[in-house]
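Okay, so here's the structure we're looking at.
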Protein chains: 2
Amino acid sequence: MRIVNVKDYKSLEEVRQLVTRPHLEQVEVSEAAMERTRQIFGRALTPQEAVAQILSDIERDGDQALLRYIARIDGQELTAEELFVSEAEFEEAESAVSPEFKAALAAAVANVRRYHQNQIEQSWFDFGPDGVILGQKVTPLERVGIYVPGGNAPLISSVVMSAVPARVAGVGQIIMATPLRGRVLDPHLLAAARYCGVDYVLKAGGAQAVAALAYGTETVPKVDKIVGPGNLYVSLAKKMVYGRVGIEAIAGPSEILIVADSSAPPEYVAADLLSQAEHDWEASAALITPSLGLASEVQKQVAEQLEKLSTADIAAAALERWGLIVITENLDQALELANVFAPEHLELLVDSPWDCLGKIRHAGAIFLGKHAPEPIGDYIAGPNHILPTNGTARFSSPLSTHDFVKRSSVIYYTAAGLRKHGPAAVEIANREGLSAHAKAIQIRLEGEIK
Amino acid sequence: MRIVNVKDYKSLEEVRQLVTRPHLEQVEVSEAAMERTRQIFGRALTPQEAVAQILSDIERDGDQALLRYIARIDGQELTAEELFVSEAEFEEAESAVSPEFKAALAAAVANVRRYHQNQIEQSWFDFGPDGVILGQKVTPLERVGIYVPGGNAPLISSVVMSAVPARVAGVGQIIMATPLRGRVLDPHLLAAARYCGVDYVLKAGGAQAVAALAYGTETVPKVDKIVGPGNLYVSLAKKMVYGRVGIEAIAGPSEILIVADSSAPPEYVAADLLSQAEHDWEASAALITPSLGLASEVQKQVAEQLEKLSTADIAAAALERWGLIVITENLDQALELANVFAPEHLELLVDSPWDCLGKIRHAGAIFLGKHAPEPIGDYIAGPNHILPTNGTARFSSPLSTHDFVKRSSVIYYTAAGLRKHGPAAVEIANREGLSAHAKAIQIRLEGEIK
């Protein structure tokens, strides 16, 4: 892991540049990926062009185009009848998973449910003078799509983290989409989907899954919102359909930032850095510390632990490109640099983590103290693990029940209320030159109130 | 206004198609608009291409490109020093507005502030067994941009509706952007900006304003989020910068839908339809009623009121294209059709509006009864007038303080908590094949707890 010292940079912003990822439209695509588009589309397309083509084909041709892209991209020959996981497949999955797994899943879901129940928004009313009643009506979304990436591992916890908050919020119907990798889906994934209250599982991934959920096809019902992380193609598709349907965010590769002082056990710091680095080659893992001693101990520990790791190849590649240790002048500067990074996951592995919490302004999830390794938040603690990445914690939030409801304003006026507030509204309407706006109020004030 | 009967359609969805607007990327551009791009860019560009060009030029060249586009598109020759409204300009505006206007503004701001204070989210903590503490930390955004369209009228109320919730939420700095139309901005607009707590007013409109706020230039600081409605170019620019900065939504033309029964005074219905129709040629205004008698009375009233309206040209054109009266079999069907429309503004001009409220699932703002004309909500009532359009009320909400904060999860674990919950996390990590995730927990459980 590369070590740098804040002193050698002009600003904290300049240090942050070391781990700033390219934005969605700037991602460079490998020659192999371009070659794949040549095979699929008959000519080399940029990721944007490929995704736009998939979206418009599926919007126009429905199932036929969806099945074609599932065959060409996911590599699965399906019929329309096979698009959704069948009851028999669910039952088979159910019987294939161990009691230990079921118990762990139940524990995770219980914690995630409890945490998200704290987020539930209530409709409210505010009673003003003159009988005026103003309010906010909160209504769950009717139908949402949750995307669960394929990738190397069955992301059981992604099912939990998207489906449970949707259910807690009261969503009417949940359709999960995930690509087949063999002819069947991992039984743990299906068992988790069923246990978390997913209604249907669509066997499709990538932009083709997003298109089917956003526009609907003969077989796939159109959803109101699509949530969940995905690869470049999924992210581009989500951004393109945004506005037709809701999306929660656009996710990039995973990140961990650990702020640690000399009290932190280096083997813990190393293990936690590796836990994010193993996600994929693009994952980033950084340590910020005022302790030179800790920095060099962590370097050694990372090397040692890497040797025994089954995912060492990926983790080593990620650390090579996106691993970073930053030495700061003191702890306060480390915390301020953490704000500049605005990381997805922030661990405060320091002697007095609660003293630091108030100074953190930008982070997706904050883990306090040495008994809170980041993976406990990925799986079991309760808070959501679908989090803002690449500095977007400056303006966005973890996935929550707030993403699965919408609000409507409610306005009830009495004749007395209108007499009192109407004239000021007429004054502003006239300044805006909108005479029909003024008239709609005046017609009520001038005539006999009906 | 066109009258149709639900009976003549196969489904409510088919009736809804009559007022469904084109999506952002489908909007057809006039030959005149294409000719303008020829003048500005040297070749005819689609709106997407024009916006992409403006964004990349300003990202690369900063002030220089910004000033060039302000000259070419907004038609204003400015220097970098003139980009922001000066203190002298603010003071001049202050002295140019009437006491009546100031009083109306103060009344509006007081109501809007009170309403939005009800939305404030508190940070919270949840104390579990074994000393585990989970929480959600709510933090205001540091810097936001609010866009106020130019257009035909100075949109004073748009300033109020975006700046006040930002201030209530605790945003650190507010930068408003609006295009100059003459050499000076309307004094009412500036007085409102100052009164609502806007810190800086950038004299720029269109995609160039969005680019400057999203990327920052030498003179314009980069913001975290951009909110507010705008024309096609603003909307396209907001969608393109989404992910780099936050945005609240993508707005389309204004809409009103009135559900009325035979108790509704036809002159009120007509006045309220016209109040939205006058917004612009693309505004839509619809009445849904089971009463044939009301429908024909409203038609007459609209024609009569149009004659006396100073904005009659625009309102008539809007009604010609997007005006609609739908006759339903009964009131319940009218309410269900309102849900299918999912309108920006919904008036329930019926005898028992509170009986209907529970049946409304999709609407931006709901106005109850005959004393609540929609313009009272535009200006003075308190709820936000920046609302989801074109059916997006199915999944999105009025602008609110929620748009100006973000949440961070907080996770504090004790050694006892980790011993209890750790093994389930390890089980799931192993099922996902993520051994370093498991290891980060095991290293703490296996060794001597530090």
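Chain lettering (A, B, ...) mirrors the order of the structure tokens, residue numbering begins at 1 for each chain separately, and ligand numbering begins at 1 in order of display.
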
Can I have chain A aligned to chain B? Use a least-squares fit on all Cα atoms paired in order and write it out as a compact mmCIF listing (two decimals) with C-alpha atoms, in the first residue's frame.
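Output file out.txt is given in full below:
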```
# COMPACT_ATOMS: atom_id res chain seq x y z
CA MET A 1 -61.62 22.23 -23.92
CA ARG A 2 -62.01 18.74 -25.23
CA ILE A 3 -64.59 16.55 -23.46
CA VAL A 4 -64.23 12.77 -23.42
CA ASN A 5 -66.14 10.02 -21.66
CA VAL A 6 -64.35 7.23 -19.81
CA LYS A 7 -66.86 4.78 -21.33
CA ASP A 8 -65.30 5.30 -24.74
CA TYR A 9 -61.88 4.08 -23.62
CA LYS A 10 -60.61 0.58 -22.92
CA SER A 11 -58.91 1.54 -19.67
CA LEU A 12 -58.18 4.46 -17.39
CA GLU A 13 -54.57 4.13 -18.56
CA GLU A 14 -55.74 4.88 -22.09
CA VAL A 15 -57.47 8.07 -20.91
CA ARG A 16 -54.26 9.08 -19.19
CA GLN A 17 -52.39 8.84 -22.49
CA LEU A 18 -54.33 11.90 -23.64
CA VAL A 19 -52.30 14.11 -21.31
CA THR A 20 -49.03 12.17 -21.09
CA ARG A 21 -46.17 14.45 -22.08
CA PRO A 22 -43.10 13.35 -23.97
CA HIS A 23 -40.18 12.42 -21.73
CA LEU A 24 -37.11 14.60 -21.57
CA GLU A 25 -35.22 12.85 -24.36
CA GLN A 26 -38.30 12.65 -26.60
CA VAL A 27 -39.16 16.34 -26.67
CA GLU A 28 -39.31 17.57 -30.25
CA VAL A 29 -37.42 20.73 -30.89
CA SER A 30 -38.62 23.45 -33.20
CA GLU A 31 -36.72 24.35 -36.35
CA ALA A 32 -36.13 27.78 -34.80
CA ALA A 33 -34.44 26.21 -31.79
CA MET A 34 -32.24 24.10 -34.06
CA GLU A 35 -31.33 27.22 -36.02
CA ARG A 36 -30.27 28.87 -32.76
CA THR A 37 -27.89 26.00 -32.01
CA ARG A 38 -26.45 26.52 -35.50
CA GLN A 39 -25.73 30.13 -34.60
CA ILE A 40 -24.29 29.29 -31.21
CA PHE A 41 -22.29 26.14 -31.95
CA GLY A 42 -21.60 26.48 -35.66
CA ARG A 43 -23.68 23.40 -36.47
CA ALA A 44 -27.19 22.12 -35.70
CA LEU A 45 -27.21 20.17 -32.44
CA THR A 46 -29.91 18.23 -30.68
CA PRO A 47 -30.70 19.60 -27.22
CA GLN A 48 -28.73 16.69 -25.69
CA GLU A 49 -25.69 17.42 -27.82
CA ALA A 50 -25.87 21.14 -27.12
CA VAL A 51 -26.10 20.58 -23.37
CA ALA A 52 -23.28 18.01 -23.37
CA GLN A 53 -21.09 20.50 -25.23
CA ILE A 54 -21.86 23.32 -22.79
CA LEU A 55 -21.15 21.07 -19.80
CA SER A 56 -17.83 19.79 -21.07
CA ASP A 57 -16.66 23.24 -22.18
CA ILE A 58 -17.40 24.77 -18.79
CA GLU A 59 -15.90 21.82 -16.91
CA ARG A 60 -12.70 22.26 -18.91
CA ASP A 61 -12.45 26.04 -19.36
CA GLY A 62 -14.29 27.41 -16.32
CA ASP A 63 -15.18 31.11 -16.26
CA GLN A 64 -14.03 31.70 -19.83
CA ALA A 65 -16.54 29.18 -21.23
CA LEU A 66 -19.23 30.22 -18.77
CA LEU A 67 -18.96 33.89 -19.82
CA ARG A 68 -18.94 32.90 -23.49
CA TYR A 69 -22.19 30.93 -23.12
CA ILE A 70 -23.83 33.66 -21.04
CA ALA A 71 -23.04 36.04 -23.89
CA ARG A 72 -24.23 33.70 -26.63
CA ILE A 73 -27.28 32.19 -24.95
CA ASP A 74 -28.45 34.60 -22.24
CA GLY A 75 -27.36 37.48 -24.47
CA GLN A 76 -25.42 39.25 -21.72
CA GLU A 77 -21.82 40.48 -21.94
CA LEU A 78 -20.44 40.06 -18.43
CA THR A 79 -17.00 39.93 -16.86
CA ALA A 80 -16.08 37.42 -14.16
CA GLU A 81 -16.40 40.23 -11.61
CA GLU A 82 -19.97 40.88 -12.72
CA LEU A 83 -21.14 37.25 -12.45
CA PHE A 84 -22.65 37.74 -9.03
CA VAL A 85 -25.19 40.35 -7.96
CA SER A 86 -23.36 43.08 -6.04
CA GLU A 87 -24.24 44.53 -2.67
CA ALA A 88 -25.18 47.80 -4.42
CA GLU A 89 -27.58 45.94 -6.70
CA PHE A 90 -29.22 44.26 -3.72
CA GLU A 91 -29.64 47.60 -1.98
CA GLU A 92 -31.12 49.21 -5.05
CA ALA A 93 -33.62 46.36 -5.37
CA GLU A 94 -34.53 46.65 -1.72
CA SER A 95 -35.47 50.31 -2.10
CA ALA A 96 -37.42 49.70 -5.33
CA VAL A 97 -40.06 47.35 -3.92
CA SER A 98 -43.25 48.51 -2.21
CA PRO A 99 -44.18 48.01 1.45
CA GLU A 100 -47.18 45.96 0.23
CA PHE A 101 -44.85 43.60 -1.56
CA LYS A 102 -42.58 43.32 1.46
CA ALA A 103 -45.54 42.50 3.68
CA ALA A 104 -46.81 39.84 1.27
CA LEU A 105 -43.32 38.33 1.00
CA ALA A 106 -42.97 38.26 4.79
CA ALA A 107 -46.34 36.53 5.13
CA ALA A 108 -45.41 33.92 2.52
CA VAL A 109 -42.01 33.23 4.07
CA ALA A 110 -43.51 32.88 7.55
CA ASN A 111 -46.00 30.26 6.33
CA VAL A 112 -43.47 28.40 4.21
CA ARG A 113 -41.00 28.34 7.09
CA ARG A 114 -43.59 27.05 9.53
CA TYR A 115 -44.72 24.27 7.19
CA HIS A 116 -41.18 23.10 6.45
CA GLN A 117 -40.16 23.15 10.08
CA ASN A 118 -42.57 20.22 10.51
CA GLN A 119 -40.33 18.22 8.16
CA ILE A 120 -37.10 18.58 10.10
CA GLU A 121 -35.46 15.19 10.65
CA GLN A 122 -33.70 14.52 13.92
CA SER A 123 -30.64 12.34 14.33
CA TRP A 124 -31.59 9.31 16.39
CA PHE A 125 -30.06 6.42 18.30
CA ASP A 126 -31.40 2.98 19.08
CA PHE A 127 -29.88 1.17 22.04
CA GLY A 128 -29.78 -2.60 21.67
CA PRO A 129 -28.88 -5.36 24.08
CA ASP A 130 -25.18 -5.97 24.82
CA GLY A 131 -24.39 -2.26 24.59
CA VAL A 132 -24.77 -2.07 20.83
CA ILE A 133 -25.76 1.45 19.67
CA LEU A 134 -27.11 2.07 16.18
CA GLY A 135 -28.12 5.41 14.84
CA GLN A 136 -28.73 7.81 12.03
CA LYS A 137 -26.87 11.11 11.94
CA VAL A 138 -28.61 13.86 9.97
CA THR A 139 -26.38 16.58 8.51
CA PRO A 140 -27.39 19.58 6.39
CA LEU A 141 -25.77 19.94 2.98
CA GLU A 142 -22.89 22.40 2.90
CA ARG A 143 -23.64 24.30 -0.29
CA VAL A 144 -26.61 24.14 -2.66
CA GLY A 145 -27.54 25.81 -5.91
CA ILE A 146 -31.11 26.90 -6.53
CA TYR A 147 -32.20 27.53 -10.08
CA VAL A 148 -34.84 30.18 -10.73
CA PRO A 149 -36.07 30.23 -14.32
CA GLY A 150 -36.10 33.42 -16.37
CA GLY A 151 -39.11 33.10 -18.62
CA ASN A 152 -41.83 35.73 -18.87
CA ALA A 153 -42.32 36.45 -15.18
CA PRO A 154 -39.95 37.05 -12.25
CA LEU A 155 -40.61 33.87 -10.27
CA ILE A 156 -40.46 35.36 -6.82
CA SER A 157 -42.29 32.41 -5.31
CA SER A 158 -39.70 29.98 -6.72
CA VAL A 159 -37.05 31.78 -4.70
CA VAL A 160 -39.15 31.42 -1.56
CA MET A 161 -39.96 27.76 -2.21
CA SER A 162 -36.36 26.68 -2.70
CA ALA A 163 -34.41 28.96 -0.39
CA VAL A 164 -36.63 28.76 2.69
CA PRO A 165 -36.57 24.94 3.04
CA ALA A 166 -32.81 24.99 2.47
CA ARG A 167 -32.38 27.52 5.27
CA VAL A 168 -34.77 25.63 7.56
CA ALA A 169 -32.74 22.46 6.95
CA GLY A 170 -29.56 24.29 7.94
CA VAL A 171 -27.74 24.44 4.59
CA GLY A 172 -24.44 26.30 4.91
CA GLN A 173 -24.50 28.35 1.73
CA ILE A 174 -27.15 28.98 -0.93
CA ILE A 175 -26.23 30.13 -4.43
CA MET A 176 -29.14 31.13 -6.63
CA ALA A 177 -28.77 31.17 -10.40
CA THR A 178 -31.11 33.00 -12.71
CA PRO A 179 -30.62 34.53 -16.16
CA LEU A 180 -30.51 38.25 -16.70
CA ARG A 181 -33.20 39.46 -19.02
CA GLY A 182 -32.18 43.10 -19.20
CA ARG A 183 -29.02 44.41 -17.61
CA VAL A 184 -30.63 44.09 -14.19
CA LEU A 185 -32.69 41.51 -12.41
CA ASP A 186 -36.23 42.21 -11.29
CA PRO A 187 -36.01 43.99 -7.92
CA HIS A 188 -38.74 41.78 -6.43
CA LEU A 189 -36.66 38.70 -7.24
CA LEU A 190 -33.58 40.18 -5.58
CA ALA A 191 -35.50 41.41 -2.56
CA ALA A 192 -36.97 37.93 -2.15
CA ALA A 193 -33.54 36.31 -2.50
CA ARG A 194 -32.08 38.53 0.19
CA TYR A 195 -35.06 38.09 2.51
CA CYS A 196 -34.99 34.28 2.15
CA GLY A 197 -31.32 34.01 3.01
CA VAL A 198 -29.75 33.43 -0.41
CA ASP A 199 -26.01 34.12 -0.10
CA TYR A 200 -25.10 34.77 -3.73
CA VAL A 201 -27.05 35.33 -6.93
CA LEU A 202 -25.32 34.13 -10.11
CA LYS A 203 -26.42 35.96 -13.25
CA ALA A 204 -26.62 32.93 -15.50
CA GLY A 205 -29.35 30.66 -16.78
CA GLY A 206 -29.75 27.46 -18.76
CA ALA A 207 -27.29 24.60 -18.96
CA GLN A 208 -24.42 27.05 -18.44
CA ALA A 209 -25.68 27.91 -14.95
CA VAL A 210 -26.09 24.22 -14.09
CA ALA A 211 -22.58 23.45 -15.34
CA ALA A 212 -20.99 26.25 -13.33
CA LEU A 213 -22.76 25.14 -10.13
CA ALA A 214 -22.02 21.43 -10.69
CA TYR A 215 -18.34 21.68 -11.59
CA GLY A 216 -17.36 25.01 -10.13
CA THR A 217 -15.27 27.60 -11.99
CA GLU A 218 -12.60 30.07 -10.85
CA THR A 219 -15.41 32.38 -9.69
CA VAL A 220 -18.35 30.07 -9.00
CA PRO A 221 -17.95 27.60 -6.12
CA LYS A 222 -19.00 24.00 -6.79
CA VAL A 223 -22.23 23.08 -4.99
CA ASP A 224 -23.35 19.73 -3.55
CA LYS A 225 -26.86 19.76 -4.98
CA ILE A 226 -28.87 21.72 -7.54
CA VAL A 227 -32.63 22.15 -7.14
CA GLY A 228 -35.40 23.99 -8.92
CA PRO A 229 -37.36 23.80 -12.15
CA GLY A 230 -36.15 24.97 -15.55
CA ASN A 231 -36.65 24.61 -19.26
CA LEU A 232 -35.63 21.62 -21.41
CA TYR A 233 -31.95 22.63 -21.40
CA VAL A 234 -31.83 23.06 -17.64
CA SER A 235 -33.56 19.71 -17.14
CA LEU A 236 -31.20 17.89 -19.50
CA ALA A 237 -28.20 19.49 -17.79
CA LYS A 238 -29.48 18.49 -14.35
CA LYS A 239 -29.92 14.91 -15.49
CA MET A 240 -26.43 14.83 -17.00
CA VAL A 241 -24.69 16.19 -13.89
CA TYR A 242 -26.72 13.91 -11.60
CA GLY A 243 -24.26 11.72 -9.72
CA ARG A 244 -21.57 14.42 -9.70
CA VAL A 245 -23.96 16.52 -7.63
CA GLY A 246 -27.39 15.75 -6.27
CA ILE A 247 -30.56 16.98 -7.94
CA GLU A 248 -34.07 16.89 -6.52
CA ALA A 249 -36.03 15.92 -9.63
CA ILE A 250 -36.52 16.72 -13.28
CA ALA A 251 -39.50 19.00 -13.76
CA GLY A 252 -41.82 19.23 -16.73
CA PRO A 253 -44.57 21.75 -17.56
CA SER A 254 -47.12 22.56 -14.86
CA GLU A 255 -50.32 20.55 -14.46
CA ILE A 256 -53.60 20.84 -12.64
CA LEU A 257 -56.22 18.14 -12.29
CA ILE A 258 -59.55 19.01 -10.70
CA VAL A 259 -61.88 16.31 -9.46
CA ALA A 260 -65.26 17.97 -9.02
CA ASP A 261 -68.83 16.93 -8.38
CA SER A 262 -72.04 18.84 -9.02
CA SER A 263 -71.51 20.84 -5.82
CA ALA A 264 -68.53 22.66 -7.36
CA PRO A 265 -69.09 26.26 -8.52
CA PRO A 266 -68.23 26.14 -12.25
CA GLU A 267 -66.66 29.61 -12.17
CA TYR A 268 -64.20 28.38 -9.49
CA VAL A 269 -63.32 25.30 -11.54
CA ALA A 270 -62.78 27.43 -14.64
CA ALA A 271 -60.65 30.00 -12.81
CA ASP A 272 -58.48 27.26 -11.31
CA LEU A 273 -57.99 25.51 -14.66
CA LEU A 274 -56.95 28.83 -16.22
CA SER A 275 -54.54 29.58 -13.39
CA GLN A 276 -52.34 26.67 -14.51
CA ALA A 277 -53.01 27.05 -18.22
CA GLU A 278 -51.53 30.57 -18.18
CA HIS A 279 -48.12 29.22 -17.05
CA ASP A 280 -46.98 28.29 -20.53
CA TRP A 281 -48.12 26.75 -23.80
CA GLU A 282 -47.25 23.32 -22.53
CA ALA A 283 -49.14 23.55 -19.24
CA SER A 284 -51.99 21.08 -18.81
CA ALA A 285 -55.35 21.54 -17.13
CA ALA A 286 -57.92 18.77 -16.71
CA LEU A 287 -61.29 18.35 -15.05
CA ILE A 288 -62.59 14.93 -14.08
CA THR A 289 -66.22 14.84 -13.06
CA PRO A 290 -69.20 12.52 -13.04
CA SER A 291 -71.41 15.58 -13.68
CA LEU A 292 -72.22 16.30 -17.32
CA GLY A 293 -73.91 19.49 -16.21
CA LEU A 294 -70.79 20.77 -14.48
CA ALA A 295 -68.66 19.85 -17.49
CA SER A 296 -70.66 21.99 -19.87
CA GLU A 297 -70.94 24.89 -17.39
CA VAL A 298 -67.17 24.84 -16.94
CA GLN A 299 -66.64 24.92 -20.69
CA LYS A 300 -68.77 28.06 -20.92
CA GLN A 301 -67.04 29.69 -17.93
CA VAL A 302 -63.60 28.99 -19.33
CA ALA A 303 -64.53 30.70 -22.59
CA GLU A 304 -65.99 33.70 -20.73
CA GLN A 305 -63.09 34.11 -18.30
CA LEU A 306 -60.53 33.70 -21.10
CA GLU A 307 -61.89 36.83 -22.76
CA LYS A 308 -60.92 39.04 -19.84
CA LEU A 309 -57.55 37.44 -19.15
CA SER A 310 -54.32 39.33 -19.86
CA THR A 311 -52.53 36.00 -20.38
CA ALA A 312 -55.32 34.65 -22.63
CA ASP A 313 -53.04 33.81 -25.56
CA ILE A 314 -50.92 31.38 -23.59
CA ALA A 315 -53.82 29.95 -21.60
CA ALA A 316 -55.91 29.33 -24.73
CA ALA A 317 -53.02 27.62 -26.50
CA ALA A 318 -52.34 25.40 -23.48
CA LEU A 319 -56.01 24.41 -23.19
CA GLU A 320 -56.20 23.74 -26.91
CA ARG A 321 -53.37 21.23 -26.70
CA TRP A 322 -53.48 19.94 -23.10
CA GLY A 323 -56.92 20.89 -21.80
CA LEU A 324 -59.23 17.98 -21.06
CA ILE A 325 -62.57 17.26 -19.43
CA VAL A 326 -63.25 13.62 -18.59
CA ILE A 327 -66.74 12.38 -17.69
CA THR A 328 -66.68 9.40 -15.33
CA GLU A 329 -69.41 7.05 -14.19
CA ASN A 330 -69.18 8.16 -10.59
CA LEU A 331 -66.97 9.96 -8.09
CA ASP A 332 -65.00 6.87 -7.12
CA GLN A 333 -63.98 6.32 -10.71
CA ALA A 334 -62.98 9.98 -10.93
CA LEU A 335 -60.71 9.54 -7.91
CA GLU A 336 -59.18 6.37 -9.33
CA LEU A 337 -58.53 8.14 -12.62
CA ALA A 338 -56.83 10.92 -10.64
CA ASN A 339 -54.47 8.26 -9.24
CA VAL A 340 -53.72 7.08 -12.77
CA PHE A 341 -52.96 10.66 -13.79
CA ALA A 342 -50.74 11.15 -10.69
CA PRO A 343 -50.93 14.93 -11.21
CA GLU A 344 -48.68 17.67 -9.91
CA HIS A 345 -51.63 19.60 -8.45
CA LEU A 346 -54.89 17.89 -7.55
CA GLU A 347 -57.97 19.82 -6.42
CA LEU A 348 -60.80 17.91 -4.77
CA LEU A 349 -63.60 20.37 -5.44
CA VAL A 350 -66.24 18.06 -4.07
CA ASP A 351 -68.87 18.13 -1.36
CA SER A 352 -66.88 15.88 1.04
CA PRO A 353 -63.20 16.32 0.21
CA TRP A 354 -61.99 14.66 3.42
CA ASP A 355 -63.91 11.51 2.46
CA CYS A 356 -61.85 11.38 -0.72
CA LEU A 357 -58.39 12.12 0.67
CA GLY A 358 -57.70 8.56 1.83
CA LYS A 359 -58.33 7.28 -1.68
CA ILE A 360 -55.66 9.50 -3.27
CA ARG A 361 -52.37 7.65 -3.62
CA HIS A 362 -50.51 9.68 -6.26
CA ALA A 363 -50.40 13.48 -6.37
CA GLY A 364 -47.82 16.16 -5.67
CA ALA A 365 -50.13 18.48 -3.74
CA ILE A 366 -53.77 17.92 -2.85
CA PHE A 367 -56.11 20.90 -2.40
CA LEU A 368 -59.27 20.16 -0.45
CA GLY A 369 -62.57 21.91 -0.89
CA LYS A 370 -63.74 25.05 -2.60
CA HIS A 371 -61.77 27.58 -0.56
CA ALA A 372 -58.39 26.12 -1.53
CA PRO A 373 -57.64 27.29 -5.08
CA GLU A 374 -54.31 25.99 -6.37
CA PRO A 375 -52.62 29.45 -6.47
CA ILE A 376 -52.98 29.74 -2.69
CA GLY A 377 -50.49 26.85 -2.60
CA ASP A 378 -48.22 28.47 -5.17
CA TYR A 379 -47.69 31.54 -3.04
CA ILE A 380 -48.81 31.63 0.51
CA ALA A 381 -50.17 28.49 2.16
CA GLY A 382 -46.80 27.03 3.17
CA PRO A 383 -46.35 23.66 1.42
CA ASN A 384 -43.79 23.64 -1.37
CA HIS A 385 -44.83 24.49 -4.91
CA ILE A 386 -41.87 22.66 -6.48
CA LEU A 387 -43.67 19.39 -7.17
CA PRO A 388 -43.36 16.19 -9.22
CA THR A 389 -44.85 16.46 -12.72
CA ASN A 390 -45.85 14.15 -15.59
CA GLY A 391 -46.82 11.19 -13.42
CA THR A 392 -43.64 11.20 -11.34
CA ALA A 393 -45.77 11.73 -8.21
CA ARG A 394 -45.95 7.92 -8.34
CA PHE A 395 -42.42 7.87 -6.91
CA SER A 396 -41.33 11.37 -5.99
CA SER A 397 -42.25 14.10 -3.57
CA PRO A 398 -42.53 17.86 -3.22
CA LEU A 399 -39.26 19.67 -2.55
CA SER A 400 -38.71 19.55 1.20
CA THR A 401 -36.13 19.88 3.94
CA HIS A 402 -35.40 16.18 3.29
CA ASP A 403 -33.76 17.31 0.04
CA PHE A 404 -31.32 19.52 1.93
CA VAL A 405 -29.93 17.02 4.43
CA LYS A 406 -28.29 13.65 4.13
CA ARG A 407 -28.10 10.80 6.59
CA SER A 408 -25.15 8.75 7.82
CA SER A 409 -25.57 5.41 9.57
CA VAL A 410 -23.80 5.07 12.91
CA ILE A 411 -22.68 1.69 14.27
CA TYR A 412 -21.14 1.19 17.70
CA TYR A 413 -20.42 -2.36 18.81
CA THR A 414 -19.19 -3.67 22.13
CA ALA A 415 -17.08 -6.81 22.51
CA ALA A 416 -20.18 -8.58 23.88
CA GLY A 417 -22.26 -7.42 20.92
CA LEU A 418 -19.68 -8.70 18.48
CA ARG A 419 -19.51 -12.07 20.25
CA LYS A 420 -23.28 -12.36 19.94
CA HIS A 421 -23.86 -11.19 16.36
CA GLY A 422 -20.45 -11.93 14.81
CA PRO A 423 -21.01 -15.63 14.05
CA ALA A 424 -24.13 -15.00 11.95
CA ALA A 425 -22.23 -12.39 9.93
CA VAL A 426 -19.40 -14.90 9.37
CA GLU A 427 -21.94 -17.49 8.16
CA ILE A 428 -23.38 -15.11 5.53
CA ALA A 429 -19.92 -13.86 4.49
CA ASN A 430 -18.87 -17.45 3.83
CA ARG A 431 -21.99 -18.11 1.75
CA GLU A 432 -21.07 -15.04 -0.30
CA GLY A 433 -17.53 -16.37 -0.69
CA LEU A 434 -16.04 -13.23 0.89
CA SER A 435 -13.40 -14.63 3.21
CA ALA A 436 -11.78 -11.33 4.19
CA HIS A 437 -15.18 -10.14 5.37
CA ALA A 438 -15.39 -13.18 7.63
CA LYS A 439 -11.79 -12.72 8.72
CA ALA A 440 -12.31 -9.13 9.91
CA ILE A 441 -14.83 -10.47 12.41
CA GLN A 442 -13.00 -13.69 13.26
CA ILE A 443 -9.73 -11.94 14.04
CA ARG A 444 -11.58 -10.08 16.79
CA LEU A 445 -13.48 -13.12 18.09
CA GLU A 446 -10.60 -15.56 18.01
CA GLY A 447 -7.77 -13.56 19.48
CA GLU A 448 -7.77 -11.99 22.87
CA ILE A 449 -10.33 -9.21 22.61
CA LYS A 450 -8.34 -5.98 22.67
```

Inset, instruction - Just list the residues in stretch 69-182 of chain B DSSP gives helix (DSSP H, G or I) on the backbone, as a PyMOL selection string. - result: chain B and resi 69-74+80-82+87-96+99-117+129-131+156-169
